[in-house]
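Data first, discussion second: the structure below is written as structure tokens.
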Amino acid sequence: MTDIILQVQNVSIIYRSPRGDVRATNNVSLTLRKGETIALIGESGSGKTTLSLSFIRMLPNSARVTQGTILYTRDGVTRNVLELSDDEIRRFRWSDCAMVFQGAQNAFNPVLKIRNQFADTAAAHGYRDKAWVKKRTLDLFKLVRLDPQRVFDAYPHELSGGMRQRTLLALGVMLDPQVVILDEPTTALDILTQRAIIDVLKAMQQALHFSIIFISHDLALAAEMADRVATMYAGEIVEEGPVDEMFYRPLHPYTLGLIRSIPKLNHEQDHLVSIPGEPPNLITPPSGCKFHPRCQFATEKCRVDPPTLVEYEPGHLAACWHTDKVIEARPAAVVQG
Amino acid sequence: MEPILQFENVSRSFHKGRTVIPVLQDVNLSVNPLEFLCLVGESGCGKTTSGKILSGLLKPSSGRVLFKGQDVSTLRGDDYRGYRRSLQIIHQDPYASLNPTHTIYNTLSYPLFRHNLVRNRTQARERVAELLTQVDLTPAADIIDKYPHQLSGGQRQRVSIARALTTNPSVLIADEAVSMVDVSIRIGLLHMLMNMRTNLGVTIVFITHDLALAKYFAWDGRIAVMYLGRIVEIGSTPDVIGDPQHPYTRVLLSAIPEADPEKTRSKQHIQLRSEDIPALTDLPPGCAFHPRCPWFVPGLCDVHVPALARVPGAISDADVACIPLTEGVPLALHTP
Ligand SMILES: Nc1ncnc2c1ncn2[C@@H]1O[C@H](COP(=O)(O)OP(=O)(O)OP(=O)(O)O)[C@@H](O)[C@H]1O
Ligand SMILES: Nc1ncnc2c1ncn2[C@@H]1O[C@H](COP(=O)(O)OP(=O)(O)OP(=O)(O)O)[C@@H](O)[C@H]1O
Ligand SMILES: [Mg+2]
Ligand SMILES: [Mg+2]
């Protein structure tokens, strides 16, 4: 296929820690196409941030990519991100694949005016035409619905959390990347601010046609933003598919469990079921399927044999020995949508 | 039925240098015995401040707080101690609220000894083990001598809940008590809290910014929606969520994404007239929501402060602070 932009193949990542190796990402594969939005969902510590940091080679020194390739395609040329030179990777980070980090709206340089943060980023990548940078900045402010007059000369502390997050989105796309990675972009923002950010993101994507990798533990946000959803559990993608399939016809017990534990805003009483147990320790993860200690369908096979991703429906993959039981257990409301 | 807790015209302000920050204004609220009541609203609207005043940790600047019909500022001696013991608060962050250098036994036995609820170490260990079992931290023997850092976030939050239960309270104020824990364990915690009404006879005031969670928790109770220090709508949960009346409640509910792709994609979002949230130190006159309200009626909303009242002819049982609604002025949506 020609519209594939990012192809992640069998990536494993380990953190060295005093207590032992943390297997934060295990044999993950993922394909991102042009203009597509993929949501990575999963609970805290499941490896969402670690995986996406590897796409732009921003992992901390204690981390090591132990296997896999990350193939990136632009204008018909495909390169392995893991093999780019230091110079190439620096350019890649803004011009090809930009990331808005978790909690970054609080990480602006406090003594630099917003205009200078934009100018510095552009200059660091060889864009020295000041007039061009200023015009681009102001255009992007309009796109993210910021009042250019108010924001351009402001210091970060003069802006609200929502305004800072919008500024970051504008900064992220300044050099016209093909891929934008958003790590929990609306967490800690208020409902109405979050709505404004979601709407701005959609408008930006429509105008600039980039692809999005969207990290969130908020399933509702994934339901609204994503074309495809990948569920991560204990460093692995355990299910991946089109958004409607994932929500209405889940195949993995963990995805099903998440969906059954989310309250809805409809007019009926919810009947929620909690997932028993706690997420595993990634230094000594469970044998076999890592979800088996918490899984209502687990059998001896699950304790011994790690399942791999299998395609059950076109584009809908799951790593589970008992998808038939999950299908039986889908609540009627989930199936109908 | 007499309310167990009541706010009568409660206001609270804080002073920062010369400026006065009015954080709560003229709040009236009653909590009925064994009721589940949710306080919802966006950051800074005064939920935690209300919770602290409800639990006796903070005093109102004006107005009265009544516990079982008695003005709490008049309680003395045993009555006062009994009142303070009857109300307990569970804080948001289980990391910050547990002392990292104390074992779980130390943390939980301290209030037991302080309130003379146990006489010696044997009794204390027994009671602590019982409390841990009540919050499903079993076997208690595995947990009791651990330090907070040896527990997961969910387990720590259960310890905070156990600590709130040490004094056999009749009212629990749960301030974002499950917001910090992961989706997969949140509902387990919530179910445990909900079961305390039947098992331990506690009334729960549940503070959250998550309206879907509030709906689940208080389906047979009530929701109070707050905006900039006032209650703007309060009514039974199915009415507030299913048939919101106040413009702010409608805007909020329309803005929230839902975990149902078709529904959330086709949702109509009501546009605000302005995205700017006024500062508490510079509140607009009249209804504080009027500069953002898409149904704003000039000459009315920007002049008079609305009081809570039923909407004539509405099916919803909610009281709403919106003059056009409660006085039957037809609303017209401003389109930006
Ligand atoms: N620098 C590090 N050193 C050692 N272990 C780490 C480091 N960073 C992350 N980890 C571990 O790697 C695992 C995956 O962490 P990661 O931050 O990728 O998860 P996440 O899914 O993004 O979680 P969250 O939702 O909390 O952001 C966790 O077990 C975490 O404790
Ligand atoms: N001790 C204090 N001194 C000054 N201002 C305060 C104090 N405590 C609270 N405030 C202010 O009062 C307002 C309401 O705070 P409160 O913590 O009650 O809000 P909240 O609804 O609980 O918000 P959140 O959802 O963020 O927890 C905020 O603007 C806050 O900054
Ligand atoms: Mg993360
Ligand atoms: Mg609060």
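By order of appearance in the structure tokens: chains A, B, ..., then residues from 1 within every chain, and ligands from 1 in the order shown.
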Please report, as a list in words, each residue of region 262-333 of chain A to which DSSP assigns helix (DSSP H, G or I) when run on this structure's backbone.
->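 The helix (DSSP H, G or I) residues within region 262-333 of chain A come out as His292, Pro293, Arg294, Glu300, Lys301, Cys302, Arg303, Val304, Thr323, Asp324, Lys325, Val326, Ile327, Glu328, Ala329, Ala332 and Ala333 of chain A.
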Identify, on the basis of only C-alpha atoms, every residue whose closest approach to region 258-274 of chain B does not exceed 6 Å; exclude the query and any residue fewer than 4 positions from it along the same chain; express the result as a list in words.
->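 In the requested format, the answer is Leu219, Ala220, Ala223 and Glu224 of chain A; Val251, Ser254, Arg292 and Pro294 of chain B.
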Write out the residues from the selection above, keeping C-alpha atoms, as a PDB file, in the first residue's frame.
ATOM      1  CA  LEU A 219     -12.190   5.782  26.067  1.00  0.00           C
ATOM      2  CA  ALA A 220     -14.779   8.442  25.297  1.00  0.00           C
ATOM      3  CA  ALA A 223     -14.417   6.976  20.538  1.00  0.00           C
ATOM      4  CA  GLU A 224     -14.778  10.509  19.236  1.00  0.00           C
TER       5      GLU A 224
ATOM      6  CA  VAL B 251     -23.648  23.143  27.577  1.00  0.00           C
ATOM      7  CA  SER B 254     -23.392  18.574  25.181  1.00  0.00           C
ATOM      8  CA  ARG B 292     -20.749  32.870  28.081  1.00  0.00           C
ATOM      9  CA  PRO B 294     -25.832  31.123  24.584  1.00  0.00           C
TER      10      PRO B 294
END
Could you list, as a list of chain:residue names, every residue of chain B that has an atom within 7 Å of an atom of chain A, counting only C-alpha atoms?
->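 For chain B, the answer reads B:Glu42, B:Ser43, B:Asp182, B:Val183, B:Ser184, B:Ile185, B:Ile187, B:Gly188, B:Ala212, B:Leu213, B:Tyr216, B:Trp219, B:Pro238, B:Gly242, B:Leu252, B:Ala255, B:Ile256, B:Pro257, B:Glu258, B:Ala259, B:Asp260, B:Pro261, B:Thr264, B:Arg265.
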Give me, as CSV, each residue of chain B that comes within 10 Å of ligand 2, together with its shortest interatomic pair and the distance in Å at one decimal, counting only C-alpha atoms and all ligand atoms, with rows ordered by chain and rising residue number.
residue,atom,partner,partner_atom_place_in_ligand_line,distance
B:Arg12,CA,ligand 2,12 (O),9.0
B:Ser13,CA,ligand 2,5 (N),7.7
B:Phe14,CA,ligand 2,4 (C),4.9
B:His15,CA,ligand 2,4 (C),6.4
B:Lys16,CA,ligand 2,4 (C),6.5
B:Val20,CA,ligand 2,4 (C),8.8
B:Ile21,CA,ligand 2,5 (N),6.5
B:Pro22,CA,ligand 2,12 (O),7.6
B:Val23,CA,ligand 2,12 (O),4.8
B:Leu24,CA,ligand 2,14 (C),7.7
B:Leu39,CA,ligand 2,21 (O),8.8
B:Val40,CA,ligand 2,21 (O),7.9
B:Gly41,CA,ligand 2,21 (O),6.5
B:Glu42,CA,ligand 2,25 (O),5.5
B:Ser43,CA,ligand 2,25 (O),3.4
B:Gly44,CA,ligand 2,19 (O),3.5
B:Cys45,CA,ligand 2,21 (O),4.0
B:Gly46,CA,ligand 2,18 (O),3.2
B:Lys47,CA,ligand 2,21 (O),3.7
B:Thr48,CA,ligand 2,22 (O),3.6
B:Thr49,CA,ligand 2,18 (O),3.7
B:Ser50,CA,ligand 2,18 (O),6.4
B:Gly51,CA,ligand 2,18 (O),7.9
B:Lys52,CA,ligand 2,18 (O),8.3
B:Ile53,CA,ligand 2,18 (O),9.9
B:Leu58,CA,ligand 2,1 (N),9.7
B:Gln92,CA,ligand 2,27 (O),8.4
B:Asp175,CA,ligand 2,22 (O),7.9
B:Glu176,CA,ligand 2,27 (O),7.8
B:Ile207,CA,ligand 2,22 (O),8.1
B:Thr208,CA,ligand 2,25 (O),7.3
B:His209,CA,ligand 2,25 (O),6.2
B:Asp210,CA,ligand 2,25 (O),9.8
B:Met226,CA,ligand 2,21 (O),8.0
B:Tyr227,CA,ligand 2,21 (O),8.6
B:Leu228,CA,ligand 2,14 (C),7.8
B:Gly229,CA,ligand 2,14 (C),7.1
B:Ala279,CA,ligand 2,29 (O),8.0
B:Leu280,CA,ligand 2,29 (O),6.6
B:Thr281,CA,ligand 2,29 (O),9.2
Of the residues B:Ala177, B:Asp79, B:Asn195, B:Val128, which is the one nearest to ligand 4, using only C-alpha atoms and all ligand atoms?
-> B:Ala177
Quick one: residues within 6 Å of ligand 1, with only C-alpha atoms and all ligand atoms, as an MDAnalysis selection string?
-> chainID A and resid 15 17 22 24 43:50 282
Skipping near chain neighbours, those fewer than 3 positions away, what residues fall within 9 Å of region 81-98 of chain A using only C-alpha atoms, listed as a PyMOL selection string?
-> chain A and resi 54-57+65+68-72+74+121+125+172-182
Same residues, C-alpha atoms, saved as an mmCIF file, in the first residue's frame:
data_model
loop_
_atom_site.group_PDB
_atom_site.id
_atom_site.type_symbol
_atom_site.label_atom_id
_atom_site.label_comp_id
_atom_site.auth_asym_id
_atom_site.auth_seq_id
_atom_site.Cartn_x
_atom_site.Cartn_y
_atom_site.Cartn_z
ATOM 1 C CA SER A 54 10.484 5.312 20.356
ATOM 2 C CA PHE A 55 8.882 6.628 17.146
ATOM 3 C CA ILE A 56 10.836 9.881 17.512
ATOM 4 C CA ARG A 57 13.807 8.313 19.347
ATOM 5 C CA VAL A 65 15.103 -0.857 21.879
ATOM 6 C CA GLY A 68 12.181 -4.217 15.726
ATOM 7 C CA THR A 69 12.054 -1.608 12.984
ATOM 8 C CA ILE A 70 10.151 1.661 12.628
ATOM 9 C CA LEU A 71 9.685 2.389 8.950
ATOM 10 C CA TYR A 72 8.750 5.918 7.932
ATOM 11 C CA ARG A 74 7.685 10.315 2.857
ATOM 12 C CA THR A 121 11.964 26.237 17.100
ATOM 13 C CA HIS A 125 15.482 23.701 12.023
ATOM 14 C CA GLY A 172 3.766 21.087 16.905
ATOM 15 C CA VAL A 173 2.538 21.539 13.347
ATOM 16 C CA MET A 174 4.633 24.584 12.472
ATOM 17 C CA LEU A 175 6.990 22.646 10.222
ATOM 18 C CA ASP A 176 4.146 20.714 8.588
ATOM 19 C CA PRO A 177 4.756 17.197 9.926
ATOM 20 C CA GLN A 178 2.980 14.175 8.456
ATOM 21 C CA VAL A 179 2.499 12.586 11.864
ATOM 22 C CA VAL A 180 1.482 14.255 15.125
ATOM 23 C CA ILE A 181 1.717 12.278 18.351
ATOM 24 C CA LEU A 182 -0.513 13.605 21.121
#
Select from region 9-140 of chain B everything DSSP, run on the backbone, classes as strand (DSSP E), then give the selection as a PyMOL selection string.
-> chain B and resi 9-16+19-31+36-40+62-67+70-71+87-90
Please, could you write that set of residues out with N, CA, C and O atoms as a compact mmCIF listing (two decimals), in the first residue's frame?
# COMPACT_ATOMS: atom_id res chain seq x y z
N ASN B 9 -27.38 29.50 53.44
CA ASN B 9 -26.73 30.71 52.92
C ASN B 9 -25.24 30.75 53.21
O ASN B 9 -24.71 31.75 53.68
N VAL B 10 -24.57 29.66 52.92
CA VAL B 10 -23.14 29.59 53.22
C VAL B 10 -22.32 30.33 52.17
O VAL B 10 -22.48 30.12 50.97
N SER B 11 -21.48 31.23 52.63
CA SER B 11 -20.50 31.87 51.76
C SER B 11 -19.12 31.65 52.36
O SER B 11 -18.98 31.47 53.56
N ARG B 12 -18.14 31.67 51.50
CA ARG B 12 -16.77 31.54 51.99
C ARG B 12 -15.88 32.35 51.08
O ARG B 12 -15.96 32.25 49.85
N SER B 13 -15.04 33.17 51.67
CA SER B 13 -14.05 33.86 50.83
C SER B 13 -12.67 33.69 51.44
O SER B 13 -12.53 33.35 52.61
N PHE B 14 -11.68 33.87 50.60
CA PHE B 14 -10.29 33.83 51.05
C PHE B 14 -9.68 35.19 50.78
O PHE B 14 -10.11 35.91 49.89
N HIS B 15 -8.66 35.52 51.56
CA HIS B 15 -7.99 36.80 51.36
C HIS B 15 -6.60 36.56 50.81
O HIS B 15 -5.88 35.70 51.29
N LYS B 16 -6.29 37.31 49.76
CA LYS B 16 -4.95 37.23 49.23
C LYS B 16 -4.44 38.66 49.21
O LYS B 16 -4.88 39.46 48.38
N THR B 19 -6.87 41.62 48.21
CA THR B 19 -8.04 41.18 47.44
C THR B 19 -8.79 40.07 48.18
O THR B 19 -8.19 39.21 48.82
N VAL B 20 -10.09 40.13 48.05
CA VAL B 20 -10.95 39.12 48.64
C VAL B 20 -11.43 38.22 47.51
O VAL B 20 -11.89 38.70 46.47
N ILE B 21 -11.26 36.91 47.70
CA ILE B 21 -11.70 35.97 46.67
C ILE B 21 -12.97 35.28 47.15
O ILE B 21 -12.93 34.47 48.07
N PRO B 22 -14.12 35.62 46.54
CA PRO B 22 -15.36 34.98 46.97
C PRO B 22 -15.48 33.59 46.31
O PRO B 22 -15.78 33.48 45.13
N VAL B 23 -15.21 32.54 47.08
CA VAL B 23 -15.13 31.20 46.50
C VAL B 23 -16.48 30.49 46.52
O VAL B 23 -16.82 29.75 45.61
N LEU B 24 -17.25 30.74 47.59
CA LEU B 24 -18.62 30.21 47.65
C LEU B 24 -19.53 31.37 47.97
O LEU B 24 -19.21 32.19 48.82
N GLN B 25 -20.68 31.42 47.30
CA GLN B 25 -21.60 32.50 47.57
C GLN B 25 -23.00 31.98 47.79
O GLN B 25 -23.59 31.38 46.89
N ASP B 26 -23.49 32.20 49.01
CA ASP B 26 -24.90 32.01 49.30
C ASP B 26 -25.40 30.62 48.88
O ASP B 26 -26.37 30.49 48.15
N VAL B 27 -24.70 29.60 49.36
CA VAL B 27 -25.06 28.24 48.96
C VAL B 27 -26.04 27.64 49.97
O VAL B 27 -25.80 27.66 51.17
N ASN B 28 -27.16 27.15 49.46
CA ASN B 28 -28.13 26.42 50.26
C ASN B 28 -28.16 24.98 49.77
O ASN B 28 -28.24 24.75 48.57
N LEU B 29 -28.09 24.05 50.71
CA LEU B 29 -27.96 22.66 50.31
C LEU B 29 -28.37 21.80 51.48
O LEU B 29 -28.04 22.10 52.62
N SER B 30 -29.13 20.74 51.22
CA SER B 30 -29.34 19.80 52.33
C SER B 30 -29.03 18.39 51.87
O SER B 30 -29.28 18.02 50.72
N VAL B 31 -28.43 17.64 52.77
CA VAL B 31 -28.06 16.26 52.50
C VAL B 31 -28.96 15.39 53.37
O VAL B 31 -28.98 15.54 54.59
N PHE B 36 -27.22 9.60 48.37
CA PHE B 36 -26.00 9.83 47.59
C PHE B 36 -26.17 11.16 46.87
O PHE B 36 -27.05 11.29 46.02
N LEU B 37 -25.35 12.13 47.24
CA LEU B 37 -25.43 13.45 46.62
C LEU B 37 -24.11 13.73 45.91
O LEU B 37 -23.04 13.55 46.50
N CYS B 38 -24.17 14.17 44.67
CA CYS B 38 -22.95 14.50 43.94
C CYS B 38 -22.83 16.00 43.75
O CYS B 38 -23.80 16.65 43.37
N LEU B 39 -21.62 16.52 43.98
CA LEU B 39 -21.31 17.90 43.60
C LEU B 39 -20.45 17.82 42.35
O LEU B 39 -19.39 17.20 42.38
N VAL B 40 -20.93 18.43 41.27
CA VAL B 40 -20.14 18.40 40.04
C VAL B 40 -19.89 19.82 39.55
O VAL B 40 -20.59 20.76 39.95
N SER B 62 -19.75 33.31 56.15
CA SER B 62 -21.06 33.68 56.67
C SER B 62 -22.02 32.55 56.36
O SER B 62 -21.74 31.69 55.54
N GLY B 63 -23.17 32.55 57.03
CA GLY B 63 -24.13 31.46 56.86
C GLY B 63 -23.93 30.40 57.92
O GLY B 63 -23.00 30.48 58.73
N ARG B 64 -24.81 29.40 57.91
CA ARG B 64 -24.76 28.37 58.96
C ARG B 64 -24.65 26.97 58.37
O ARG B 64 -25.17 26.69 57.29
N VAL B 65 -23.97 26.10 59.09
CA VAL B 65 -23.93 24.68 58.75
C VAL B 65 -24.68 23.94 59.86
O VAL B 65 -24.37 24.14 61.04
N LEU B 66 -25.68 23.15 59.50
CA LEU B 66 -26.43 22.40 60.49
C LEU B 66 -26.13 20.92 60.37
O LEU B 66 -26.11 20.38 59.26
N PHE B 67 -25.87 20.28 61.52
CA PHE B 67 -25.71 18.82 61.54
C PHE B 67 -26.86 18.26 62.36
O PHE B 67 -27.03 18.64 63.52
N GLN B 70 -28.73 20.91 64.13
CA GLN B 70 -28.07 21.82 65.07
C GLN B 70 -26.97 22.62 64.39
O GLN B 70 -26.16 22.06 63.63
N ASP B 71 -26.95 23.91 64.67
CA ASP B 71 -25.91 24.78 64.15
C ASP B 71 -24.56 24.31 64.70
O ASP B 71 -24.35 24.32 65.91
N LEU B 87 -18.28 12.95 60.60
CA LEU B 87 -18.03 13.42 59.24
C LEU B 87 -16.60 13.16 58.87
O LEU B 87 -15.69 13.57 59.58
N GLN B 88 -16.38 12.47 57.78
CA GLN B 88 -15.01 12.21 57.35
C GLN B 88 -14.88 12.50 55.88
O GLN B 88 -15.82 12.34 55.10
N ILE B 89 -13.68 12.95 55.48
CA ILE B 89 -13.44 13.31 54.09
C ILE B 89 -12.37 12.39 53.51
O ILE B 89 -11.42 12.02 54.20
N ILE B 90 -12.57 11.97 52.27
CA ILE B 90 -11.54 11.20 51.55
C ILE B 90 -10.99 12.12 50.49
O ILE B 90 -11.73 12.63 49.65
For CA of Arg84 (chain B) and CA of Asn32 (chain B), determine how far apart the two atoms are, in Å to one decimal place.
->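 Rounded to one decimal, the two atoms are 17.8 Å apart.
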For Leu200 (chain B), please output as a PyMOL selection string all residues within 9 Å (counting only C-alpha atoms; exclusion window: fewer than 3 positions along the same chain).
-> chain B and resi 168-170+195-197
Quick one: pull the distance between CA of Gly313 (chain B) and CA of Val329 (chain B), Å, one decimal.
->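 Rounded to one decimal, the two atoms are 12.5 Å apart.
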Tell me which protein, DNA and RNA residues are within 10 Å of region 304-311 of chain B, counting only C-alpha atoms, leaving out same-chain ones fewer than 3 positions away, and put them as a ChimeraX atom specification.
-> /B:26-28,230-235,245-246,285-288,299-301,314-328
Which of B:Ile241, B:Leu54, B:Met180, B:Val171 sits closest to Thr187 (chain A) [using only C-alpha atoms] =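 Distance minimum relative to Thr187 (chain A) lands on B:Met180.
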